[in-house]
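Asker: Just structure26.pdb, nothing more (PDB, C-alpha atoms and all ligand atoms):
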```pdb
MODEL        1
ATOM      1  CA  MET E   1      31.540 -61.621 276.555
ATOM      2  CA  ILE E   2      31.470 -57.977 277.581
ATOM      3  CA  ILE E   3      33.678 -55.527 275.716
ATOM      4  CA  ASP E   4      34.359 -51.829 276.163
ATOM      5  CA  TYR E   5      35.845 -50.662 272.868
ATOM      6  CA  HIS E   6      36.155 -46.913 273.342
ATOM      7  CA  MET E   7      38.385 -45.246 275.936
ATOM      8  CA  HIS E   8      41.203 -42.744 276.145
ATOM      9  CA  LEU E   9      44.575 -43.600 277.731
ATOM     10  CA  ARG E  10      44.702 -40.901 280.425
ATOM     11  CA  ASP E  11      45.639 -40.521 284.073
ATOM     12  CA  GLU E  12      43.102 -39.914 286.849
ATOM     13  CA  HIS E  13      43.063 -36.175 285.958
ATOM     14  CA  GLU E  14      42.198 -36.928 282.308
ATOM     15  CA  GLU E  15      45.704 -35.866 281.216
ATOM     16  CA  LEU E  16      47.240 -37.818 278.301
ATOM     17  CA  ALA E  17      49.219 -40.759 279.691
ATOM     18  CA  HIS E  18      50.609 -42.607 276.694
ATOM     19  CA  ARG E  19      52.813 -44.949 278.700
ATOM     20  CA  ALA E  20      52.586 -48.606 279.698
ATOM     21  CA  SER E  21      51.970 -47.869 283.401
ATOM     22  CA  ALA E  22      48.746 -45.996 282.551
ATOM     23  CA  VAL E  23      47.171 -49.105 281.011
ATOM     24  CA  GLU E  24      46.903 -51.113 284.219
ATOM     25  CA  PRO E  25      44.369 -48.882 286.066
ATOM     26  CA  PHE E  26      42.020 -49.344 283.089
ATOM     27  CA  VAL E  27      42.476 -53.129 283.164
ATOM     28  CA  THR E  28      41.776 -53.158 286.912
ATOM     29  CA  ALA E  29      38.674 -50.988 286.465
ATOM     30  CA  ALA E  30      37.466 -53.277 283.673
ATOM     31  CA  ARG E  31      37.855 -56.333 285.884
ATOM     32  CA  LEU E  32      35.849 -54.649 288.655
ATOM     33  CA  ALA E  33      33.107 -53.682 286.184
ATOM     34  CA  GLY E  34      32.874 -57.218 284.768
ATOM     35  CA  VAL E  35      34.301 -56.159 281.385
ATOM     36  CA  ASP E  36      36.275 -58.926 279.643
ATOM     37  CA  GLU E  37      38.174 -56.917 277.054
ATOM     38  CA  ILE E  38      38.936 -53.212 276.564
ATOM     39  CA  GLY E  39      40.040 -51.257 273.516
ATOM     40  CA  PHE E  40      42.027 -48.024 273.753
ATOM     41  CA  THR E  41      40.994 -45.406 271.227
ATOM     42  CA  GLU E  42      42.889 -42.158 271.710
ATOM     43  CA  HIS E  43      41.857 -39.227 269.524
ATOM     44  CA  VAL E  44      43.774 -39.237 266.243
ATOM     45  CA  TYR E  45      44.245 -35.453 266.379
ATOM     46  CA  TYR E  46      46.625 -35.578 269.353
ATOM     47  CA  PHE E  47      49.411 -36.886 267.166
ATOM     48  CA  GLU E  48      52.080 -35.007 265.262
ATOM     49  CA  GLN E  49      51.984 -37.622 262.492
ATOM     50  CA  THR E  50      48.439 -36.470 261.594
ATOM     51  CA  ARG E  51      49.094 -32.688 261.487
ATOM     52  CA  ARG E  52      48.582 -32.366 257.741
ATOM     53  CA  LEU E  53      44.966 -33.550 258.040
ATOM     54  CA  TRP E  54      43.769 -30.670 260.179
ATOM     55  CA  THR E  55      42.234 -27.280 259.488
ATOM     56  CA  VAL E  56      40.281 -26.285 262.613
ATOM     57  CA  PRO E  57      42.157 -24.702 265.573
ATOM     58  CA  TYR E  58      40.819 -27.360 268.004
ATOM     59  CA  HIS E  59      42.815 -30.041 266.163
ATOM     60  CA  LEU E  60      45.857 -27.952 265.257
ATOM     61  CA  GLU E  61      46.349 -26.906 268.896
ATOM     62  CA  ARG E  62      46.471 -30.532 270.051
ATOM     63  CA  CYS E  63      48.461 -32.524 267.492
ATOM     64  CA  GLY E  64      51.911 -32.390 269.099
ATOM     65  CA  HIS E  65      52.272 -35.885 270.573
ATOM     66  CA  ASP E  66      54.035 -38.938 269.185
ATOM     67  CA  LEU E  67      51.755 -41.660 267.866
ATOM     68  CA  ASP E  68      54.512 -44.230 268.391
ATOM     69  CA  ASP E  69      54.478 -43.673 272.192
ATOM     70  CA  TYR E  70      50.749 -44.406 272.316
ATOM     71  CA  VAL E  71      50.937 -47.453 270.056
ATOM     72  CA  THR E  72      53.898 -48.841 272.023
ATOM     73  CA  ALA E  73      52.140 -48.392 275.390
ATOM     74  CA  VAL E  74      49.053 -50.317 274.286
ATOM     75  CA  SER E  75      50.882 -52.902 272.161
ATOM     76  CA  ASP E  76      53.262 -53.744 275.021
ATOM     77  CA  ALA E  77      50.318 -54.300 277.362
ATOM     78  CA  LYS E  78      48.673 -56.536 274.768
ATOM     79  CA  ALA E  79      51.927 -58.474 274.290
ATOM     80  CA  ARG E  80      52.111 -58.999 278.074
ATOM     81  CA  GLY E  81      48.767 -60.790 277.844
ATOM     82  CA  LEU E  82      46.497 -58.073 279.226
ATOM     83  CA  PRO E  83      42.977 -58.111 277.694
ATOM     84  CA  VAL E  84      43.491 -54.917 275.685
ATOM     85  CA  LYS E  85      43.146 -53.987 272.023
ATOM     86  CA  LEU E  86      44.858 -51.257 270.035
ATOM     87  CA  GLY E  87      42.409 -48.809 268.525
ATOM     88  CA  LEU E  88      42.166 -45.155 267.625
ATOM     89  CA  GLU E  89      39.270 -42.690 267.455
ATOM     90  CA  VAL E  90      39.666 -41.188 264.004
ATOM     91  CA  ASP E  91      37.879 -38.033 262.899
ATOM     92  CA  TYR E  92      36.370 -38.434 259.457
ATOM     93  CA  GLU E  93      37.809 -35.776 257.164
ATOM     94  CA  PRO E  94      35.812 -35.870 253.910
ATOM     95  CA  GLY E  95      38.122 -35.857 250.897
ATOM     96  CA  ARG E  96      41.141 -36.866 252.994
ATOM     97  CA  GLU E  97      40.369 -40.593 253.150
ATOM     98  CA  ASP E  98      43.490 -41.755 251.294
ATOM     99  CA  GLU E  99      45.772 -39.571 253.409
ATOM    100  CA  THR E 100      44.130 -40.814 256.614
ATOM    101  CA  ILE E 101      44.625 -44.419 255.525
ATOM    102  CA  ALA E 102      48.256 -43.756 254.534
ATOM    103  CA  ILE E 103      49.127 -42.117 257.890
ATOM    104  CA  LEU E 104      47.603 -44.971 259.913
ATOM    105  CA  GLU E 105      48.755 -47.824 257.672
ATOM    106  CA  PRO E 106      52.114 -48.568 259.414
ATOM    107  CA  TYR E 107      50.484 -49.512 262.745
ATOM    108  CA  ALA E 108      48.966 -52.809 263.908
ATOM    109  CA  TRP E 109      45.469 -51.552 264.774
ATOM    110  CA  ASP E 110      42.885 -53.956 266.065
ATOM    111  CA  PHE E 111      40.141 -51.552 265.045
ATOM    112  CA  LEU E 112      39.572 -47.939 264.025
ATOM    113  CA  LEU E 113      36.637 -45.889 265.255
ATOM    114  CA  GLY E 114      35.170 -43.299 262.897
ATOM    115  CA  SER E 115      33.851 -40.125 264.497
ATOM    116  CA  VAL E 116      32.171 -37.005 263.178
ATOM    117  CA  HIS E 117      32.959 -34.262 265.705
ATOM    118  CA  PHE E 118      33.083 -31.434 263.141
ATOM    119  CA  VAL E 119      30.969 -30.764 260.055
ATOM    120  CA  ASP E 120      31.967 -27.986 257.635
ATOM    121  CA  GLY E 121      34.421 -26.695 260.268
ATOM    122  CA  LEU E 122      31.646 -26.392 262.885
ATOM    123  CA  ALA E 123      31.583 -28.386 266.127
ATOM    124  CA  VAL E 124      28.952 -31.095 266.569
ATOM    125  CA  ASP E 125      29.594 -31.709 270.275
ATOM    126  CA  GLY E 126      31.584 -28.633 271.323
ATOM    127  CA  GLY E 127      32.175 -25.129 270.121
ATOM    128  CA  PRO E 128      31.549 -22.325 269.576
ATOM    129  CA  PRO E 129      31.196 -22.265 266.676
ATOM    130  CA  ARG E 130      28.484 -24.926 266.932
ATOM    131  CA  LEU E 131      26.955 -26.606 263.881
ATOM    132  CA  ILE E 132      23.529 -26.457 265.489
ATOM    133  CA  ASP E 133      23.727 -22.637 265.901
ATOM    134  CA  ALA E 134      24.882 -22.147 262.311
ATOM    135  CA  VAL E 135      22.252 -24.213 260.489
ATOM    136  CA  GLY E 136      19.525 -25.011 263.050
ATOM    137  CA  VAL E 137      18.531 -28.354 264.530
ATOM    138  CA  GLU E 138      16.996 -29.800 261.368
ATOM    139  CA  GLY E 139      19.894 -28.645 259.204
ATOM    140  CA  ALA E 140      22.443 -29.963 261.688
ATOM    141  CA  TRP E 141      20.817 -33.401 261.818
ATOM    142  CA  HIS E 142      20.682 -33.726 258.044
ATOM    143  CA  ARG E 143      24.271 -32.531 257.495
ATOM    144  CA  TYR E 144      25.605 -34.653 260.367
ATOM    145  CA  PHE E 145      23.967 -37.871 259.180
ATOM    146  CA  ASP E 146      24.965 -37.217 255.540
ATOM    147  CA  VAL E 147      28.598 -36.965 256.635
ATOM    148  CA  LEU E 148      28.231 -40.019 258.901
ATOM    149  CA  ALA E 149      26.853 -41.993 255.937
ATOM    150  CA  ASP E 150      29.931 -40.989 253.895
ATOM    151  CA  ALA E 151      32.142 -42.056 256.814
ATOM    152  CA  ALA E 152      30.379 -45.441 256.885
ATOM    153  CA  ARG E 153      31.030 -45.984 253.170
ATOM    154  CA  SER E 154      34.573 -44.564 253.196
ATOM    155  CA  GLY E 155      36.366 -47.822 253.918
ATOM    156  CA  VAL E 156      38.514 -46.055 256.541
ATOM    157  CA  PHE E 157      36.728 -47.291 259.679
ATOM    158  CA  ASP E 158      35.661 -50.485 261.422
ATOM    159  CA  VAL E 159      33.134 -48.954 263.854
ATOM    160  CA  LEU E 160      31.144 -45.708 263.961
ATOM    161  CA  SER E 161      31.466 -44.157 267.413
ATOM    162  CA  HIS E 162      28.641 -42.374 269.264
ATOM    163  CA  PRO E 163      26.652 -42.605 266.013
ATOM    164  CA  ASP E 164      23.979 -40.004 266.790
ATOM    165  CA  LEU E 165      26.309 -37.547 268.520
ATOM    166  CA  VAL E 166      24.350 -34.634 267.013
ATOM    167  CA  LYS E 167      21.684 -35.120 269.700
ATOM    168  CA  ILE E 168      24.217 -34.365 272.473
ATOM    169  CA  PHE E 169      22.625 -31.090 273.609
ATOM    170  CA  GLY E 170      19.143 -32.608 273.666
ATOM    171  CA  ASP E 171      17.875 -30.882 270.493
ATOM    172  CA  ARG E 172      16.365 -33.391 268.090
ATOM    173  CA  VAL E 173      14.311 -34.061 264.974
ATOM    174  CA  PRO E 174      11.699 -36.447 266.429
ATOM    175  CA  THR E 175      10.604 -37.947 263.104
ATOM    176  CA  PHE E 176      14.081 -38.379 261.642
ATOM    177  CA  ASP E 177      14.373 -41.153 259.022
ATOM    178  CA  TYR E 178      17.391 -43.313 259.918
ATOM    179  CA  GLY E 179      16.892 -45.539 256.830
ATOM    180  CA  PRO E 180      19.466 -43.853 254.546
ATOM    181  CA  VAL E 181      22.263 -43.769 257.133
ATOM    182  CA  ALA E 182      21.510 -47.364 258.185
ATOM    183  CA  ASP E 183      21.710 -48.373 254.491
ATOM    184  CA  ALA E 184      25.137 -46.717 254.286
ATOM    185  CA  ILE E 185      26.259 -48.534 257.451
ATOM    186  CA  ALA E 186      25.178 -51.895 256.001
ATOM    187  CA  GLU E 187      26.814 -51.115 252.651
ATOM    188  CA  GLY E 188      30.042 -49.981 254.295
ATOM    189  CA  GLY E 189      30.200 -53.085 256.477
ATOM    190  CA  VAL E 190      30.953 -51.067 259.620
ATOM    191  CA  ALA E 191      29.813 -51.843 263.150
ATOM    192  CA  VAL E 192      27.746 -49.410 265.210
ATOM    193  CA  GLU E 193      28.906 -48.410 268.684
ATOM    194  CA  VAL E 194      26.388 -48.526 271.518
ATOM    195  CA  SER E 195      27.835 -45.948 273.896
ATOM    196  CA  THR E 196      26.927 -45.024 277.435
ATOM    197  CA  ALA E 197      28.733 -41.659 277.128
ATOM    198  CA  GLY E 198      25.515 -39.872 276.129
ATOM    199  CA  LEU E 199      24.099 -40.595 279.569
ATOM    200  CA  ARG E 200      26.746 -38.218 280.970
ATOM    201  CA  LYS E 201      25.936 -35.434 278.450
ATOM    202  CA  PRO E 202      23.055 -32.929 278.419
ATOM    203  CA  VAL E 203      20.887 -35.317 276.350
ATOM    204  CA  GLY E 204      21.140 -37.959 279.115
ATOM    205  CA  GLU E 205      20.634 -40.930 276.760
ATOM    206  CA  LEU E 206      22.564 -43.798 275.248
ATOM    207  CA  TYR E 207      23.966 -43.417 271.745
ATOM    208  CA  PRO E 208      22.333 -44.384 269.466
ATOM    209  CA  ASP E 209      18.600 -43.822 269.720
ATOM    210  CA  ALA E 210      16.570 -47.078 269.804
ATOM    211  CA  ALA E 211      14.939 -46.244 266.445
ATOM    212  CA  PHE E 212      18.365 -45.785 264.841
ATOM    213  CA  LEU E 213      19.663 -49.027 266.356
ATOM    214  CA  ARG E 214      16.557 -50.861 265.156
ATOM    215  CA  ALA E 215      17.184 -49.619 261.590
ATOM    216  CA  CYS E 216      20.751 -50.988 261.881
ATOM    217  CA  HIS E 217      19.518 -54.319 263.277
ATOM    218  CA  ASP E 218      17.013 -54.629 260.413
ATOM    219  CA  ARG E 219      20.000 -54.460 258.051
ATOM    220  CA  ALA E 220      22.097 -56.936 260.095
ATOM    221  CA  ALA E 221      24.712 -54.315 261.018
ATOM    222  CA  PRO E 222      26.952 -55.526 263.879
ATOM    223  CA  ILE E 223      27.585 -53.583 267.090
ATOM    224  CA  THR E 224      30.193 -52.887 269.760
ATOM    225  CA  THR E 225      29.686 -51.566 273.300
ATOM    226  CA  ALA E 226      31.572 -48.618 274.750
ATOM    227  CA  SER E 227      31.897 -46.177 277.640
ATOM    228  CA  ASP E 228      34.150 -43.534 276.012
ATOM    229  CA  ALA E 229      35.959 -43.364 279.384
ATOM    230  CA  HIS E 230      38.501 -40.571 279.791
ATOM    231  CA  VAL E 231      39.451 -41.865 283.285
ATOM    232  CA  PRO E 232      39.741 -45.492 284.435
ATOM    233  CA  GLN E 233      36.743 -45.422 286.782
ATOM    234  CA  LEU E 234      34.328 -44.895 283.858
ATOM    235  CA  VAL E 235      35.200 -48.194 282.129
ATOM    236  CA  GLY E 236      32.045 -50.269 281.733
ATOM    237  CA  ARG E 237      29.910 -47.507 283.256
ATOM    238  CA  ASP E 238      26.119 -48.009 282.801
ATOM    239  CA  PHE E 239      26.587 -51.158 280.714
ATOM    240  CA  ASP E 240      23.416 -52.620 282.234
ATOM    241  CA  LEU E 241      21.485 -49.922 280.330
ATOM    242  CA  ALA E 242      23.397 -50.627 277.101
ATOM    243  CA  ARG E 243      22.587 -54.332 277.411
ATOM    244  CA  ALA E 244      18.915 -53.590 278.055
ATOM    245  CA  LEU E 245      18.826 -51.529 274.832
ATOM    246  CA  LEU E 246      20.560 -54.303 272.871
ATOM    247  CA  GLU E 247      18.129 -56.866 274.217
ATOM    248  CA  SER E 248      15.086 -54.731 273.399
ATOM    249  CA  VAL E 249      16.272 -54.321 269.809
ATOM    250  CA  GLY E 250      17.191 -58.007 269.446
ATOM    251  CA  TYR E 251      20.998 -58.016 269.393
ATOM    252  CA  GLU E 252      22.517 -61.212 270.774
ATOM    253  CA  THR E 253      26.113 -60.786 269.659
ATOM    254  CA  VAL E 254      28.804 -58.145 269.924
ATOM    255  CA  THR E 255      31.794 -57.629 267.630
ATOM    256  CA  VAL E 256      35.360 -58.286 268.760
ATOM    257  CA  PHE E 257      38.300 -57.273 266.608
ATOM    258  CA  ASP E 258      41.834 -58.523 266.241
ATOM    259  CA  ARG E 259      44.131 -56.833 263.681
ATOM    260  CA  ARG E 260      40.989 -55.449 262.029
ATOM    261  CA  ARG E 261      39.347 -58.858 261.642
ATOM    262  CA  PRO E 262      35.853 -58.813 263.190
ATOM    263  CA  SER E 263      34.104 -61.782 264.758
ATOM    264  CA  GLN E 264      30.807 -62.129 266.580
ATOM    265  CA  VAL E 265      30.561 -63.400 270.168
ATOM    266  CA  ALA E 266      27.523 -63.742 272.431
ATOM    267  CA  VAL E 267      26.755 -60.656 274.551
ATOM    268  CA  GLY E 268      27.103 -61.137 278.292
TER
HETATM  269 ZN    ZN E 301      34.243 -38.847 270.159
HETATM  270 ZN    ZN E 302      36.176 -40.826 272.584
ENDMDL
END
```
Could you rewrite the structure in this file as structure tokens?
Ligand SMILES: [Zn+2]
Ligand SMILES: [Zn+2]
Answerer:
Amino acid sequence: MIIDYHMHLRDEHEELAHRASAVEPFVTAARLAGVDEIGFTEHVYYFEQTRRLWTVPYHLERCGHDLDDYVTAVSDAKARGLPVKLGLEVDYEPGREDETIAILEPYAWDFLLGSVHFVDGLAVDGGPPRLIDAVGVEGAWHRYFDVLADAARSGVFDVLSHPDLVKIFGDRVPTFDYGPVADAIAEGGVAVEVSTAGLRKPVGELYPDAAFLRACHDRAAPITTASDAHVPQLVGRDFDLARALLESVGYETVTVFDRRRPSQVAVG
């Protein structure tokens, strides 16, 4: 089975399209790409219901939309028998775990992605202000992975998205020890997302790094596969490279979720 468990429900111009008719182009694109099941994972910070979680302008400027519209669009498609799952890409806000859980609790999620896009109010993958400029490459890597480890153990998430996002601009700590974060991932019982989105960023690589994925595999952490598509035509993009990475590390199964219950199915 081939799954793409990270995409944003948008129109062909990347504009938010939280309506049932916007789902079908993604399903069609998935079929063409040989993807069996897709999961929609809009950013949590677009929704009015989450406003009280946010402190940085990037989030506060965006959180005006109704979460119910999004959930209804995806849930209706699922109810009609389309191969879609209801997910959300949730920013990890340290110290706000209970509030995050309470806001999301009323909805029938299939899975929740956990993302670290900001650390200490500084952007990991955007900006300015950029984390990497504020504390240097080494500092950014250590802070980022410390926060990611907390996200893994938080109990809020099912999957960690683009798990080594901090490498996005191509700056790296070549000898980084992934052991501690992989321990946290195993302890937290979360899956790790293998994402092709990094290939379309300055770093030009899959997330995560092979050494990181190997550390996760050593600890029997499960995985998902993802494109992080913001337009339908990116669904399943570069999945041949993701599968080659999985094979080289020794993964034979991928995780599928239904109502937050994971199960393992053979890749391919
Ligand atoms: Zn993201
Ligand atoms: Zn995303």
Asker: Near Pro180 in chain E, within 12 Å and counting all atoms listed in the file, which residues show up once chain neighbours fewer than 6 positions away are dropped, as a list in words?
Answerer: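 Listing them by chain and then by number gives His142, Phe145, Asp146, Val147, Leu148, Ala149, Asp150, Ala152, Arg153, Ala186, Glu187, Phe212, Ala215, Cys216 and Arg219 of chain E.
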Asker: May I have the residues within 7 Å of ligand ZN 302 (chain E), computed using all atoms listed in the file, as a PDB file with C-alpha atoms, keeping the file's coordinate frame?
Answerer:
```
ATOM      1  CA  HIS E   6      36.155 -46.913 273.342  1.00  0.00           C
ATOM      2  CA  MET E   7      38.385 -45.246 275.936  1.00  0.00           C
ATOM      3  CA  HIS E   8      41.203 -42.744 276.145  1.00  0.00           C
ATOM      4  CA  THR E  41      40.994 -45.406 271.227  1.00  0.00           C
ATOM      5  CA  GLU E  42      42.889 -42.158 271.710  1.00  0.00           C
ATOM      6  CA  HIS E  43      41.857 -39.227 269.524  1.00  0.00           C
ATOM      7  CA  GLU E  89      39.270 -42.690 267.455  1.00  0.00           C
ATOM      8  CA  ASP E 228      34.150 -43.534 276.012  1.00  0.00           C
TER       9      ASP E 228
END
```
Asker: Can you turn the PyMOL selection byres (((not hetatm)) within 9 of (chain E and resi 301)) into a concrete residue list for this file, as JSON, numbers by chain?
Answerer: {"E": [6, 43, 89, 90, 91, 113, 114, 115, 116, 117, 125, 161, 162, 165, 228]}
Asker: Considering only C-alpha atoms, can you say which of E:Ile132, E:Ala197, E:Ile101, E:Ala182 comes closest to Gly155 in chain E?
Answerer: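 For Gly155 in chain E, the nearest of the candidates is E:Ile101.
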Asker: Go through the shown structure with the PyMOL selection byres (((chain E and resi 221) around 8) and not hetatm) and write out the matching residues as a list in words.
Answerer: Ile185, Ala186, Gly189, Val190, Ala191, Val192, Cys216, His217, Asp218, Arg219, Ala220, Pro222 and Ile223 of chain E
Asker: Which residues, named as in the file, does the PyMOL selection byres (((chain E and resi 267) around 9) and not hetatm) pick out? Answer as a PyMOL selection string.
Answerer: chain E and resi 1-3+243+251-254+265-266+268
Asker: Taking C-alpha atoms for each residue, export the selection above as a PDB file, in the coordinates of the input.
Answerer:
```pdb
ATOM      1  CA  MET E   1      31.540 -61.621 276.555  1.00  0.00           C
ATOM      2  CA  ILE E   2      31.470 -57.977 277.581  1.00  0.00           C
ATOM      3  CA  ILE E   3      33.678 -55.527 275.716  1.00  0.00           C
ATOM      4  CA  ARG E 243      22.587 -54.332 277.411  1.00  0.00           C
ATOM      5  CA  TYR E 251      20.998 -58.016 269.393  1.00  0.00           C
ATOM      6  CA  GLU E 252      22.517 -61.212 270.774  1.00  0.00           C
ATOM      7  CA  THR E 253      26.113 -60.786 269.659  1.00  0.00           C
ATOM      8  CA  VAL E 254      28.804 -58.145 269.924  1.00  0.00           C
ATOM      9  CA  VAL E 265      30.561 -63.400 270.168  1.00  0.00           C
ATOM     10  CA  ALA E 266      27.523 -63.742 272.431  1.00  0.00           C
ATOM     11  CA  GLY E 268      27.103 -61.137 278.292  1.00  0.00           C
TER      12      GLY E 268
END
```
